[in-house]
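Below is protein-v4.cif, which holds mmCIF, N, CA and C atoms.
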data_model
#
loop_
_atom_site.label_atom_id
_atom_site.label_comp_id
_atom_site.auth_asym_id
_atom_site.auth_seq_id
_atom_site.Cartn_x
_atom_site.Cartn_y
_atom_site.Cartn_z
N GLN A 1 9.31 -3.56 -26.20
CA GLN A 1 9.74 -2.90 -24.99
C GLN A 1 10.55 -3.86 -24.12
N GLY A 2 11.74 -3.42 -23.76
CA GLY A 2 12.55 -4.17 -22.81
C GLY A 2 13.24 -5.40 -23.34
N LYS A 3 13.17 -5.66 -24.63
CA LYS A 3 13.80 -6.84 -25.21
C LYS A 3 15.28 -6.57 -25.49
N VAL A 4 16.01 -7.67 -25.70
CA VAL A 4 17.44 -7.59 -26.01
C VAL A 4 17.65 -8.09 -27.43
N VAL A 5 18.31 -7.29 -28.23
CA VAL A 5 18.60 -7.67 -29.61
C VAL A 5 20.09 -8.04 -29.71
N GLY A 6 20.38 -9.09 -30.46
CA GLY A 6 21.75 -9.51 -30.68
C GLY A 6 22.16 -9.30 -32.13
N PHE A 7 23.41 -8.97 -32.33
CA PHE A 7 23.96 -8.81 -33.67
C PHE A 7 25.16 -9.73 -33.81
N ILE A 8 25.20 -10.47 -34.90
CA ILE A 8 26.38 -11.25 -35.25
C ILE A 8 26.98 -10.58 -36.48
N ASP A 9 28.09 -9.93 -36.28
CA ASP A 9 28.79 -9.17 -37.31
C ASP A 9 29.69 -10.13 -38.08
N ASN A 10 29.56 -10.14 -39.40
CA ASN A 10 30.36 -11.06 -40.21
C ASN A 10 31.74 -10.52 -40.52
N SER A 11 32.09 -9.39 -40.00
CA SER A 11 33.39 -8.72 -40.12
C SER A 11 33.67 -8.14 -41.49
N LYS A 12 32.66 -8.03 -42.34
CA LYS A 12 32.85 -7.32 -43.61
C LYS A 12 32.73 -5.82 -43.34
N PRO A 13 33.32 -5.03 -44.22
CA PRO A 13 33.25 -3.58 -44.02
C PRO A 13 31.81 -3.08 -43.95
N ASN A 14 31.58 -2.15 -43.08
CA ASN A 14 30.34 -1.40 -42.95
C ASN A 14 29.22 -2.08 -42.18
N PHE A 15 29.30 -3.39 -41.89
CA PHE A 15 28.21 -3.99 -41.13
C PHE A 15 28.14 -3.39 -39.73
N SER A 16 29.27 -3.04 -39.16
CA SER A 16 29.25 -2.46 -37.81
C SER A 16 28.47 -1.15 -37.80
N PHE A 17 28.57 -0.36 -38.88
CA PHE A 17 27.82 0.89 -38.96
C PHE A 17 26.32 0.61 -39.04
N LEU A 18 25.93 -0.39 -39.83
CA LEU A 18 24.54 -0.78 -39.94
C LEU A 18 24.00 -1.27 -38.59
N ALA A 19 24.77 -2.10 -37.91
CA ALA A 19 24.36 -2.62 -36.61
C ALA A 19 24.22 -1.49 -35.59
N ASP A 20 25.14 -0.53 -35.60
CA ASP A 20 25.03 0.63 -34.70
C ASP A 20 23.75 1.40 -34.95
N ASP A 21 23.46 1.68 -36.22
CA ASP A 21 22.26 2.44 -36.57
C ASP A 21 20.99 1.67 -36.20
N LEU A 22 20.98 0.37 -36.49
CA LEU A 22 19.81 -0.45 -36.15
C LEU A 22 19.59 -0.52 -34.65
N ALA A 23 20.66 -0.68 -33.89
CA ALA A 23 20.54 -0.73 -32.44
C ALA A 23 19.97 0.58 -31.91
N ASP A 24 20.47 1.70 -32.40
CA ASP A 24 19.96 3.01 -31.96
C ASP A 24 18.48 3.17 -32.32
N LEU A 25 18.10 2.77 -33.53
CA LEU A 25 16.71 2.87 -33.96
C LEU A 25 15.80 1.98 -33.12
N LEU A 26 16.21 0.75 -32.90
CA LEU A 26 15.40 -0.19 -32.12
C LEU A 26 15.24 0.28 -30.68
N LYS A 27 16.28 0.91 -30.14
CA LYS A 27 16.19 1.43 -28.77
C LYS A 27 15.25 2.64 -28.70
N SER A 28 15.43 3.58 -29.63
CA SER A 28 14.65 4.82 -29.56
C SER A 28 13.20 4.64 -30.00
N LYS A 29 12.96 3.84 -31.01
CA LYS A 29 11.60 3.71 -31.55
C LYS A 29 10.79 2.59 -30.91
N TYR A 30 11.47 1.50 -30.51
CA TYR A 30 10.73 0.33 -30.02
C TYR A 30 11.05 -0.06 -28.59
N GLY A 31 11.90 0.70 -27.93
CA GLY A 31 12.17 0.46 -26.52
C GLY A 31 13.04 -0.75 -26.23
N VAL A 32 13.86 -1.15 -27.18
CA VAL A 32 14.80 -2.25 -26.94
C VAL A 32 15.70 -1.85 -25.78
N ALA A 33 15.89 -2.76 -24.84
CA ALA A 33 16.66 -2.46 -23.63
C ALA A 33 18.15 -2.34 -23.92
N ARG A 34 18.67 -3.26 -24.71
CA ARG A 34 20.11 -3.22 -25.02
C ARG A 34 20.40 -4.09 -26.22
N ALA A 35 21.61 -3.92 -26.73
CA ALA A 35 22.08 -4.70 -27.87
C ALA A 35 23.33 -5.47 -27.46
N VAL A 36 23.38 -6.71 -27.87
CA VAL A 36 24.55 -7.58 -27.64
C VAL A 36 25.24 -7.75 -28.98
N ARG A 37 26.55 -7.55 -29.00
CA ARG A 37 27.29 -7.63 -30.26
C ARG A 37 28.34 -8.73 -30.19
N HIS A 38 28.41 -9.50 -31.26
CA HIS A 38 29.49 -10.47 -31.46
C HIS A 38 30.03 -10.27 -32.86
N ARG A 39 31.32 -10.43 -33.02
CA ARG A 39 31.96 -10.26 -34.33
C ARG A 39 32.71 -11.53 -34.68
N LYS A 40 32.38 -12.09 -35.84
CA LYS A 40 33.09 -13.28 -36.31
C LYS A 40 34.48 -12.87 -36.80
N PRO A 41 35.46 -13.79 -36.73
CA PRO A 41 36.80 -13.44 -37.19
C PRO A 41 36.86 -13.15 -38.69
N THR A 42 36.08 -13.88 -39.47
CA THR A 42 36.00 -13.66 -40.92
C THR A 42 34.59 -14.02 -41.38
N ALA A 43 34.23 -13.52 -42.55
CA ALA A 43 32.89 -13.77 -43.08
C ALA A 43 32.71 -15.23 -43.48
N SER A 44 33.77 -15.92 -43.80
CA SER A 44 33.66 -17.29 -44.31
C SER A 44 33.60 -18.36 -43.22
N VAL A 45 33.70 -17.96 -41.97
CA VAL A 45 33.70 -18.91 -40.85
C VAL A 45 32.42 -18.73 -40.06
N SER A 46 31.81 -19.82 -39.66
CA SER A 46 30.60 -19.76 -38.83
C SER A 46 30.94 -19.19 -37.46
N ALA A 47 29.94 -18.62 -36.84
CA ALA A 47 30.10 -18.15 -35.46
C ALA A 47 30.36 -19.37 -34.56
N SER A 48 31.10 -19.15 -33.51
CA SER A 48 31.46 -20.25 -32.61
C SER A 48 30.26 -20.72 -31.78
N ARG A 49 30.39 -21.89 -31.22
CA ARG A 49 29.34 -22.41 -30.34
C ARG A 49 29.14 -21.51 -29.13
N GLU A 50 30.22 -20.91 -28.65
CA GLU A 50 30.13 -20.00 -27.52
C GLU A 50 29.30 -18.76 -27.87
N VAL A 51 29.47 -18.27 -29.08
CA VAL A 51 28.68 -17.12 -29.53
C VAL A 51 27.21 -17.49 -29.57
N PHE A 52 26.90 -18.65 -30.17
CA PHE A 52 25.51 -19.08 -30.25
C PHE A 52 24.91 -19.29 -28.86
N ALA A 53 25.68 -19.84 -27.96
CA ALA A 53 25.19 -20.07 -26.59
C ALA A 53 24.92 -18.74 -25.89
N ASP A 54 25.81 -17.78 -26.06
CA ASP A 54 25.62 -16.48 -25.44
C ASP A 54 24.40 -15.76 -26.01
N ILE A 55 24.26 -15.81 -27.32
CA ILE A 55 23.12 -15.18 -27.98
C ILE A 55 21.82 -15.83 -27.51
N GLN A 56 21.82 -17.15 -27.43
CA GLN A 56 20.61 -17.86 -27.01
C GLN A 56 20.24 -17.49 -25.57
N LYS A 57 21.24 -17.34 -24.73
CA LYS A 57 21.01 -17.04 -23.32
C LYS A 57 20.51 -15.61 -23.11
N GLN A 58 21.03 -14.67 -23.88
CA GLN A 58 20.76 -13.26 -23.60
C GLN A 58 19.70 -12.58 -24.47
N CYS A 59 19.48 -13.09 -25.68
CA CYS A 59 18.75 -12.29 -26.67
C CYS A 59 17.35 -12.80 -26.98
N ASP A 60 16.49 -11.85 -27.28
CA ASP A 60 15.13 -12.14 -27.73
C ASP A 60 15.04 -12.13 -29.26
N LEU A 61 15.97 -11.47 -29.90
CA LEU A 61 16.00 -11.33 -31.36
C LEU A 61 17.45 -11.27 -31.78
N VAL A 62 17.77 -11.90 -32.92
CA VAL A 62 19.14 -11.86 -33.44
C VAL A 62 19.11 -11.39 -34.89
N ILE A 63 20.01 -10.48 -35.20
CA ILE A 63 20.19 -10.01 -36.56
C ILE A 63 21.61 -10.35 -36.97
N THR A 64 21.72 -11.06 -38.05
CA THR A 64 23.03 -11.38 -38.59
C THR A 64 23.06 -10.85 -40.01
N GLY A 65 24.19 -10.34 -40.42
CA GLY A 65 24.17 -9.71 -41.73
C GLY A 65 25.52 -9.64 -42.40
N SER A 66 25.43 -9.13 -43.58
CA SER A 66 26.59 -8.97 -44.43
C SER A 66 26.69 -7.51 -44.82
N GLY A 67 27.85 -6.96 -44.74
CA GLY A 67 28.04 -5.58 -45.14
C GLY A 67 29.20 -5.47 -46.11
N ASP A 68 29.17 -4.49 -46.90
CA ASP A 68 30.27 -4.15 -47.82
C ASP A 68 30.22 -2.70 -48.16
#
Write out the structure in this file as structure tokens.
Amino acid sequence: QGKVVGFIDNSKPNFSFLADDLADLLKSKYGVARAVRHRKPTASVSASREVFADIQKQCDLVITGSGD
């Protein structure tokens, strides 16, 4: 209840759809307050330090994934 979930999208096809569905499920079933989304420029590059800092500051849980 009231937690913030973060998503780091690796920019592969379909991960955004998975993240959307997961965010909706976590909000409706578990009371997640909001979702924070970041998208990497490509799957082969690590997320930037700014992304990690923002996620650390705002989020209680982070989901990072790969989609295809």
Neighbour residues at most 12 Å from (32.9, -17.8, -45.0) (only C-alpha atoms) as a PyMOL selection string: chain A and resi 10-12+40-47+66
Could you state the separation of atom CA of A:Lys3 and atom N of A:Asp68 in Å, given to one decimal place? 26.7 Å
Run the PyMOL selection byres ((chain A and resi 64) around 7) mentally over the shown coordinates, then write out the matched residues as a ChimeraX atom specification, using the chain letters and numbers from the document. /A:6-10,62-63,65-66
Within 8 Å of (23.8, -14.5, -27.9), in the coordinates the file gives, what residues turn up when you count all atoms listed in the file, written out as a PyMOL selection string? chain A and resi 5-7+36-38+50-60+62
Could those selected residues go to a file with N, CA and C atoms, as a short mmCIF file (atom, residue, chain, number, x, y, z; two decimals), in the frame of the given file?
data_model
loop_
_atom_site.label_atom_id
_atom_site.label_comp_id
_atom_site.auth_asym_id
_atom_site.auth_seq_id
_atom_site.Cartn_x
_atom_site.Cartn_y
_atom_site.Cartn_z
N VAL A 5 18.31 -7.29 -28.23
CA VAL A 5 18.60 -7.67 -29.61
C VAL A 5 20.09 -8.04 -29.71
N GLY A 6 20.38 -9.09 -30.46
CA GLY A 6 21.75 -9.51 -30.68
C GLY A 6 22.16 -9.30 -32.13
N PHE A 7 23.41 -8.97 -32.33
CA PHE A 7 23.96 -8.81 -33.67
C PHE A 7 25.16 -9.73 -33.81
N VAL A 36 23.38 -6.71 -27.87
CA VAL A 36 24.55 -7.58 -27.64
C VAL A 36 25.24 -7.75 -28.98
N ARG A 37 26.55 -7.55 -29.00
CA ARG A 37 27.29 -7.63 -30.26
C ARG A 37 28.34 -8.73 -30.19
N HIS A 38 28.41 -9.50 -31.26
CA HIS A 38 29.49 -10.47 -31.46
C HIS A 38 30.03 -10.27 -32.86
N GLU A 50 30.22 -20.91 -28.65
CA GLU A 50 30.13 -20.00 -27.52
C GLU A 50 29.30 -18.76 -27.87
N VAL A 51 29.47 -18.27 -29.08
CA VAL A 51 28.68 -17.12 -29.53
C VAL A 51 27.21 -17.49 -29.57
N PHE A 52 26.90 -18.65 -30.17
CA PHE A 52 25.51 -19.08 -30.25
C PHE A 52 24.91 -19.29 -28.86
N ALA A 53 25.68 -19.84 -27.96
CA ALA A 53 25.19 -20.07 -26.59
C ALA A 53 24.92 -18.74 -25.89
N ASP A 54 25.81 -17.78 -26.06
CA ASP A 54 25.62 -16.48 -25.44
C ASP A 54 24.40 -15.76 -26.01
N ILE A 55 24.26 -15.81 -27.32
CA ILE A 55 23.12 -15.18 -27.98
C ILE A 55 21.82 -15.83 -27.51
N GLN A 56 21.82 -17.15 -27.43
CA GLN A 56 20.61 -17.86 -27.01
C GLN A 56 20.24 -17.49 -25.57
N LYS A 57 21.24 -17.34 -24.73
CA LYS A 57 21.01 -17.04 -23.32
C LYS A 57 20.51 -15.61 -23.11
N GLN A 58 21.03 -14.67 -23.88
CA GLN A 58 20.76 -13.26 -23.60
C GLN A 58 19.70 -12.58 -24.47
N CYS A 59 19.48 -13.09 -25.68
CA CYS A 59 18.75 -12.29 -26.67
C CYS A 59 17.35 -12.80 -26.98
N ASP A 60 16.49 -11.85 -27.28
CA ASP A 60 15.13 -12.14 -27.73
C ASP A 60 15.04 -12.13 -29.26
N VAL A 62 17.77 -11.90 -32.92
CA VAL A 62 19.14 -11.86 -33.44
C VAL A 62 19.11 -11.39 -34.89
#
Hey, can you check how far atom C of A:Lys29 sits from atom N of A:Val4?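 Here the two named atoms are 12.6 Å from each other.
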Give me, please, the distance in Å between atom N of A:Ala19 and atom N of A:Arg49, quoted to one decimal.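 So the answer is 21.6 Å.
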Name the closest residue to A:Gly2 among the candidates A:Leu61, A:Ala23, A:Ser48, A:Val32; distances are taken between atoms, counting only C-alpha atoms.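 Answer, going by the shortest atom-to-atom distance: A:Val32.
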Missing atoms in stretch 37-48 of chain A: can you complete it with all heavy atoms, as a PDB file, keeping the file's coordinate frame?
ATOM      1  N   ARG A  37      26.550  -7.550 -29.000  1.00  0.00           N
ATOM      2  CA  ARG A  37      27.290  -7.630 -30.260  1.00  0.00           C
ATOM      3  C   ARG A  37      28.340  -8.730 -30.190  1.00  0.00           C
ATOM      4  O   ARG A  37      29.067  -8.847 -29.207  1.00  0.00           O
ATOM      5  CB  ARG A  37      27.998  -6.303 -30.543  1.00  0.00           C
ATOM      6  CG  ARG A  37      27.110  -5.096 -30.609  1.00  0.00           C
ATOM      7  CD  ARG A  37      26.483  -4.852 -31.947  1.00  0.00           C
ATOM      8  NE  ARG A  37      27.398  -4.616 -33.021  1.00  0.00           N
ATOM      9  CZ  ARG A  37      27.802  -3.424 -33.450  1.00  0.00           C
ATOM     10  NH1 ARG A  37      27.386  -2.342 -32.849  1.00  0.00           N
ATOM     11  NH2 ARG A  37      28.619  -3.323 -34.459  1.00  0.00           N
ATOM     12  N   HIS A  38      28.410  -9.500 -31.260  1.00  0.00           N
ATOM     13  CA  HIS A  38      29.490 -10.470 -31.460  1.00  0.00           C
ATOM     14  C   HIS A  38      30.030 -10.270 -32.860  1.00  0.00           C
ATOM     15  O   HIS A  38      29.263 -10.003 -33.789  1.00  0.00           O
ATOM     16  CB  HIS A  38      28.983 -11.908 -31.314  1.00  0.00           C
ATOM     17  CG  HIS A  38      28.682 -12.304 -29.904  1.00  0.00           C
ATOM     18  ND1 HIS A  38      29.663 -12.648 -29.018  1.00  0.00           N
ATOM     19  CD2 HIS A  38      27.514 -12.380 -29.234  1.00  0.00           C
ATOM     20  CE1 HIS A  38      29.105 -12.948 -27.857  1.00  0.00           C
ATOM     21  NE2 HIS A  38      27.794 -12.781 -27.961  1.00  0.00           N
ATOM     22  N   ARG A  39      31.320 -10.430 -33.020  1.00  0.00           N
ATOM     23  CA  ARG A  39      31.960 -10.260 -34.330  1.00  0.00           C
ATOM     24  C   ARG A  39      32.710 -11.530 -34.680  1.00  0.00           C
ATOM     25  O   ARG A  39      33.544 -11.990 -33.908  1.00  0.00           O
ATOM     26  CB  ARG A  39      32.917  -9.070 -34.294  1.00  0.00           C
ATOM     27  CG  ARG A  39      33.527  -8.745 -35.631  1.00  0.00           C
ATOM     28  CD  ARG A  39      34.341  -7.452 -35.520  1.00  0.00           C
ATOM     29  NE  ARG A  39      35.091  -7.174 -36.719  1.00  0.00           N
ATOM     30  CZ  ARG A  39      34.634  -6.483 -37.753  1.00  0.00           C
ATOM     31  NH1 ARG A  39      33.416  -5.986 -37.713  1.00  0.00           N
ATOM     32  NH2 ARG A  39      35.378  -6.276 -38.806  1.00  0.00           N
ATOM     33  N   LYS A  40      32.380 -12.090 -35.840  1.00  0.00           N
ATOM     34  CA  LYS A  40      33.090 -13.280 -36.310  1.00  0.00           C
ATOM     35  C   LYS A  40      34.480 -12.870 -36.800  1.00  0.00           C
ATOM     36  O   LYS A  40      34.675 -11.750 -37.249  1.00  0.00           O
ATOM     37  CB  LYS A  40      32.327 -13.930 -37.459  1.00  0.00           C
ATOM     38  CG  LYS A  40      30.984 -14.462 -37.066  1.00  0.00           C
ATOM     39  CD  LYS A  40      30.203 -15.155 -38.161  1.00  0.00           C
ATOM     40  CE  LYS A  40      30.757 -15.060 -39.546  1.00  0.00           C
ATOM     41  NZ  LYS A  40      30.054 -15.819 -40.538  1.00  0.00           N
ATOM     42  N   PRO A  41      35.460 -13.790 -36.730  1.00  0.00           N
ATOM     43  CA  PRO A  41      36.800 -13.440 -37.190  1.00  0.00           C
ATOM     44  C   PRO A  41      36.860 -13.150 -38.690  1.00  0.00           C
ATOM     45  O   PRO A  41      37.599 -12.284 -39.131  1.00  0.00           O
ATOM     46  CB  PRO A  41      37.658 -14.648 -36.838  1.00  0.00           C
ATOM     47  CG  PRO A  41      36.755 -15.693 -36.305  1.00  0.00           C
ATOM     48  CD  PRO A  41      35.392 -15.117 -36.152  1.00  0.00           C
ATOM     49  N   THR A  42      36.080 -13.880 -39.470  1.00  0.00           N
ATOM     50  CA  THR A  42      36.000 -13.660 -40.920  1.00  0.00           C
ATOM     51  C   THR A  42      34.590 -14.020 -41.380  1.00  0.00           C
ATOM     52  O   THR A  42      33.873 -14.765 -40.712  1.00  0.00           O
ATOM     53  CB  THR A  42      37.003 -14.526 -41.717  1.00  0.00           C
ATOM     54  OG1 THR A  42      36.630 -15.899 -41.586  1.00  0.00           O
ATOM     55  CG2 THR A  42      38.429 -14.330 -41.258  1.00  0.00           C
ATOM     56  N   ALA A  43      34.230 -13.520 -42.550  1.00  0.00           N
ATOM     57  CA  ALA A  43      32.890 -13.770 -43.080  1.00  0.00           C
ATOM     58  C   ALA A  43      32.710 -15.230 -43.480  1.00  0.00           C
ATOM     59  O   ALA A  43      31.591 -15.744 -43.472  1.00  0.00           O
ATOM     60  CB  ALA A  43      32.638 -12.871 -44.288  1.00  0.00           C
ATOM     61  N   SER A  44      33.770 -15.920 -43.800  1.00  0.00           N
ATOM     62  CA  SER A  44      33.660 -17.290 -44.310  1.00  0.00           C
ATOM     63  C   SER A  44      33.600 -18.360 -43.220  1.00  0.00           C
ATOM     64  O   SER A  44      33.438 -19.530 -43.523  1.00  0.00           O
ATOM     65  CB  SER A  44      34.834 -17.586 -45.245  1.00  0.00           C
ATOM     66  OG  SER A  44      36.055 -17.499 -44.545  1.00  0.00           O
ATOM     67  N   VAL A  45      33.700 -17.960 -41.970  1.00  0.00           N
ATOM     68  CA  VAL A  45      33.700 -18.910 -40.850  1.00  0.00           C
ATOM     69  C   VAL A  45      32.420 -18.730 -40.060  1.00  0.00           C
ATOM     70  O   VAL A  45      31.984 -17.602 -39.801  1.00  0.00           O
ATOM     71  CB  VAL A  45      34.925 -18.654 -39.938  1.00  0.00           C
ATOM     72  CG1 VAL A  45      34.893 -19.540 -38.716  1.00  0.00           C
ATOM     73  CG2 VAL A  45      36.212 -18.870 -40.717  1.00  0.00           C
ATOM     74  N   SER A  46      31.810 -19.820 -39.660  1.00  0.00           N
ATOM     75  CA  SER A  46      30.600 -19.760 -38.830  1.00  0.00           C
ATOM     76  C   SER A  46      30.940 -19.190 -37.460  1.00  0.00           C
ATOM     77  O   SER A  46      32.063 -19.296 -36.978  1.00  0.00           O
ATOM     78  CB  SER A  46      30.031 -21.169 -38.691  1.00  0.00           C
ATOM     79  OG  SER A  46      28.897 -21.159 -37.878  1.00  0.00           O
ATOM     80  N   ALA A  47      29.940 -18.620 -36.840  1.00  0.00           N
ATOM     81  CA  ALA A  47      30.100 -18.150 -35.460  1.00  0.00           C
ATOM     82  C   ALA A  47      30.360 -19.370 -34.560  1.00  0.00           C
ATOM     83  O   ALA A  47      29.886 -20.471 -34.830  1.00  0.00           O
ATOM     84  CB  ALA A  47      28.860 -17.409 -34.998  1.00  0.00           C
ATOM     85  N   SER A  48      31.100 -19.150 -33.510  1.00  0.00           N
ATOM     86  CA  SER A  48      31.460 -20.250 -32.610  1.00  0.00           C
ATOM     87  C   SER A  48      30.260 -20.720 -31.780  1.00  0.00           C
ATOM     88  O   SER A  48      29.266 -20.004 -31.639  1.00  0.00           O
ATOM     89  CB  SER A  48      32.579 -19.812 -31.666  1.00  0.00           C
ATOM     90  OG  SER A  48      32.065 -18.865 -30.750  1.00  0.00           O
TER      91      SER A  48
END
